[in-house]
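Peer 1: Pasting a structure below so you can have a look.
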Amino acid sequence: MTIYNDKKDDTLVELTLLGNEKAYEELVRRHEKAVLGTAYKVTENRYSAEDASQDAFVSAWVNLDSLRDREKFGSWVCSIAKNHARNLVVHYKSVTPDISLDLLENTELTADESFSELVGINGERERDEKLRENVEALSEKIREVIKLHYFDGLSVEKISEKLALPAGTVKWRLSEGRKQLRKEYGIMEKTYNENESLVERVMRQVEELKLWRLKNDKSGFEDAYRAALASVETLDDSKEKSHALADVLLRGYWWLPGEKNEEVFARIKQAAIDGHNDDVMQSAVAKEHGKLSGHKKRDFMRNKQIPELMEQGFVKSAAYVWFWLGYEYLAKKDLERYLEAHNKVIELLEPTDVYYANALAALKVTPKYIQKKNDTTMFIHATGEVLRYIDGKLYFWSQPGYSQGKGDDNNSSLFWNCSLFENIIFDPDMKVGQTLSSSDRKDTLTLKEKGVTVTTPAGIFENCCVTELSCDMLRYVKTYFCEGVGIVKQKIGKQEWVLSRYQIKGGDGIIPFYPGNRWEYDCKSEEDPDYEILTRENVFEVTAFEKGSATIESYGLVEAGGYKDTWRGNLLRARQNYYIEEGDKATAIDVMPYMRRAAELAETKREKLHTEIASDVMERIIVTEPNFNPDYTQKGRWNFFTYYHVKKDGGKISIPECDRKLSFEWKNSAWGENAYKVLHNFLYDILDDAAGCVWSDEWVSGYEYEKDVSIYSDNAHVIFKVLDDETVETPAGRFENCRHIFFGLTNRSGGWGYRGGKKEYWFAEGVGIVKMSAVFKEEKPLCVWELTEYRGKGEGFFPIADGLFRRYEPSSLGHGYHASVEYNFDEDENGIVIFRNALGTQDRKNYEMDLENIKRKEEEKKAKESAEKE
């Protein structure tokens, strides 16, 4: 009996909102049976019902202030439990028959009833047979009790007597069997100790929240975040609480709408300081110096951030700043200070830290870049990598670092390449022929073969296993693993990396980890390189391996002589040399002779079209750049040449970008109202980002959904609706019965804001997109782009066919701005591609007026700051 027993629900709710935790404990005690019963009616499974009930009480606590009728707390929390239970059922049924967790200890069932209890009353015969196969694969002792209980219908007591085992042993074997069976279907058991303290349980919850970084699809993250945040806030004030709070808030800041603002950031930094959370502090200092550039940034990092961090004891964060300060010196080609900064990193950190590995890698390769010969080009990369075992699977955890130079490294990051499926490098539980789909259904991973022999310059490797990854980012990655050696070969499209030399000092497993283990790779290609390769390096070396986590230094370089006098070689020469960096500024270079030479060498229809469009964009970039052309009449603001492979999958059409080596751009954007409209010449990309495609046959009137999506490894929330068909008039004509879609995209982290907000698209059958309207923020004007010219028609609401042409322009622009985007479709034996020519310029008079206004505002700001100091 407590002082709260006789209080009504509304009083307990009010007391809880005032911070009285005991009052909420009474609400939980009072309603837990009803909530559990509600959830059980949905799940028909005691353990799942308990999960749903616990989540419901956490959600109710977090959202308690939204409950208007305080007396109806009981019915309200039951409705929340019902929703959580439904979500659990939907998730479980999507991957498995109903594997019950209920242990019918002293109940005897018929064989049919007990088997149904294990597989679900409505289990299909095919699923039942699969489950029986999985039962046969269990160890003998566990298989025996599973069969006696679920197939023969014996109670725990009867099994105990029959096998002369303690009842506790029988229960354990049944529990372990269920866990292994559920694991076969991708469902994880809760594994916490019921006797752990509240602090231990909350800290475990925080660690589980961090694992969301491994998922492509962040659906459900917000619920987990709110629950973890609520749990942390129940703790008494302490260093541990602040440390955990910083971890949780940072994940919300990264991935949730409404959580990315200065107030939240200030709270994150303060929690990191109070809890001495060195990992979170790195994100805080990165945001602070990320606002600056040039010498102001370097001075701030060296003279303010590093001394303050060292004084406060944030050694890892100080080393982090030293590392990126070194990168700033690299941009200035200041070798002396670069070496000083990276040696400081080595001095401050342990080999287990990813920035220790990163600095080691950078020190080995970057001096070669700074001291390279002028008559060659060089591209380098230096990264630190962390690979981590979690639940037996090997994951790619993190990879800070950088690249420099002109050229490319041919997708040299082998571990990252094969981890694009949910960050998994290797899953030892996969069976040959088994294919897994990612949480966002975009990527697949298949274990293709075992027992394969692979020959490389490093030797002959037997009994290799082969995985195949299909994804939008790299399209196709085939990796060959040899037990005790690691990756011996990896194919990406028409190129492959082969092991050329290796050193294994210790460790075992599919990739043996031990300090000093080292792998070197060489690249082969089915296509002739476009330039003469003088030197190539691609090296991985383990710096530390502790508690299932490997830290690896990775570095590489490609030094090349001149580009070949081929169509592609001349395009690459132009692409790699159309600007030079001088300090913090870039100056355009005349590369049109290379473009004209490419036009002369173009042979196929696609090569000729590619060169024509690319030359138009390149010439516009050069003639609109004042540093190159003093007589410019328009200033280049937002110009792009890009092309895409068209991908058809069922009723969906998407446009993943292809070969960025030949894409180029010139951005000098201003952020006024009219400039905001210019940014939307990414017409197709904006739609493809938000919806995952540019067209789907599911888009019929009334279709809608709401979900979290992943865009460029960033996260957002999208609301998508298909509205009634409409008639649309544009400068290109009148279009009847246009399909009308709407979506609202809420940016999780603020990195690509203009692509977010509210958007509407109209599609005409046989033509495609005829109109788009956008509002990024309510205070911004409506931005409307319309079809102004088109050639060719096709089938459906987004036709794709050889020779199609579409041109779009904004309906109104001011302040001297000009904008358009043109899409040209080309088909050959390799499929269909779309070339994009995006224009964004501003009249010279208006541009120079903007410069004067910026200069005046800076002078006014300095004068104000000076006056305040006086």
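Starting from 1 in every chain, residues are counted up; chains themselves are A, B, ... following the order of the structure tokens, and ligands are numbered from 1 as listed.
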Find the residues around Leu387 (chain A) up to 7 Å (only C-alpha atoms counted), leave out those fewer than 6 positions away in its own chain, and share them as a PDB file with N, CA and C atoms, in the first residue's frame.

Peer 2:
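Full text of around08.pdb as output:
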```
ATOM      1  N   LEU A 394      30.211  -9.697 -39.346  1.00  0.00           N
ATOM      2  CA  LEU A 394      31.259  -8.692 -39.475  1.00  0.00           C
ATOM      3  C   LEU A 394      30.687  -7.455 -40.165  1.00  0.00           C
ATOM      4  N   TYR A 395      30.741  -6.316 -39.467  1.00  0.00           N
ATOM      5  CA  TYR A 395      30.176  -5.070 -39.974  1.00  0.00           C
ATOM      6  C   TYR A 395      31.266  -4.038 -40.264  1.00  0.00           C
ATOM      7  N   PHE A 396      30.988  -3.180 -41.226  1.00  0.00           N
ATOM      8  CA  PHE A 396      31.815  -2.009 -41.491  1.00  0.00           C
ATOM      9  C   PHE A 396      31.251  -0.879 -40.632  1.00  0.00           C
ATOM     10  N   TRP A 397      32.046  -0.376 -39.668  1.00  0.00           N
ATOM     11  CA  TRP A 397      31.520   0.534 -38.662  1.00  0.00           C
ATOM     12  C   TRP A 397      31.784   1.999 -38.994  1.00  0.00           C
ATOM     13  N   SER A 549      36.653  -5.742 -32.305  1.00  0.00           N
ATOM     14  CA  SER A 549      36.708  -4.541 -33.140  1.00  0.00           C
ATOM     15  C   SER A 549      38.103  -4.365 -33.718  1.00  0.00           C
ATOM     16  N   ALA A 550      38.180  -4.283 -35.050  1.00  0.00           N
ATOM     17  CA  ALA A 550      39.469  -4.133 -35.734  1.00  0.00           C
ATOM     18  C   ALA A 550      39.623  -2.695 -36.224  1.00  0.00           C
ATOM     19  N   THR A 551      40.807  -2.121 -35.978  1.00  0.00           N
ATOM     20  CA  THR A 551      41.145  -0.789 -36.482  1.00  0.00           C
ATOM     21  C   THR A 551      42.182  -0.957 -37.584  1.00  0.00           C
TER      22      THR A 551
END
```

Peer 1: Might you pull out every residue within 9 Å of region 308-312 of chain A, with only C-alpha atoms counted and same-chain residues fewer than 5 positions away left off, and present them as a list in words?

Peer 2: Ile273, His276, Asn303, Ser317 and Ala318 of chain A

Peer 1: For the selection just defined, write its residues with N, CA and C atoms to a file, as a tab-separated table (two decimals), in the first residue's frame.

Peer 2:
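Full text of out.tsv as output:
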```tsv
chain	number	residue	atom	x	y	z
A	273	ILE	N	30.22	17.71	-22.32
A	273	ILE	CA	31.16	18.28	-21.35
A	273	ILE	C	30.92	17.69	-19.96
A	276	HIS	N	31.80	14.05	-20.00
A	276	HIS	CA	33.12	13.80	-20.60
A	276	HIS	C	33.02	12.76	-21.71
A	303	ASN	N	44.43	27.65	-32.34
A	303	ASN	CA	44.66	28.56	-31.21
A	303	ASN	C	43.53	28.61	-30.20
A	317	SER	N	39.29	14.31	-28.79
A	317	SER	CA	38.72	15.40	-29.60
A	317	SER	C	39.81	16.35	-30.06
A	318	ALA	N	40.80	16.60	-29.19
A	318	ALA	CA	41.92	17.45	-29.59
A	318	ALA	C	42.68	16.80	-30.75
```

Peer 1: One decimal, in Å: what's the spacing between CA of His381 (chain A) and CA of Ser470 (chain A)?

Peer 2: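 The value is 24.9 Å.
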
Peer 1: What does the structure give for the distance between CA of Ala49 (chain A) and CA of Val28 (chain A), in Å to one decimal?

Peer 2: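 Atom-to-atom, CA of Ala49 (chain A) and CA of Val28 (chain A) are spaced 15.1 Å apart.
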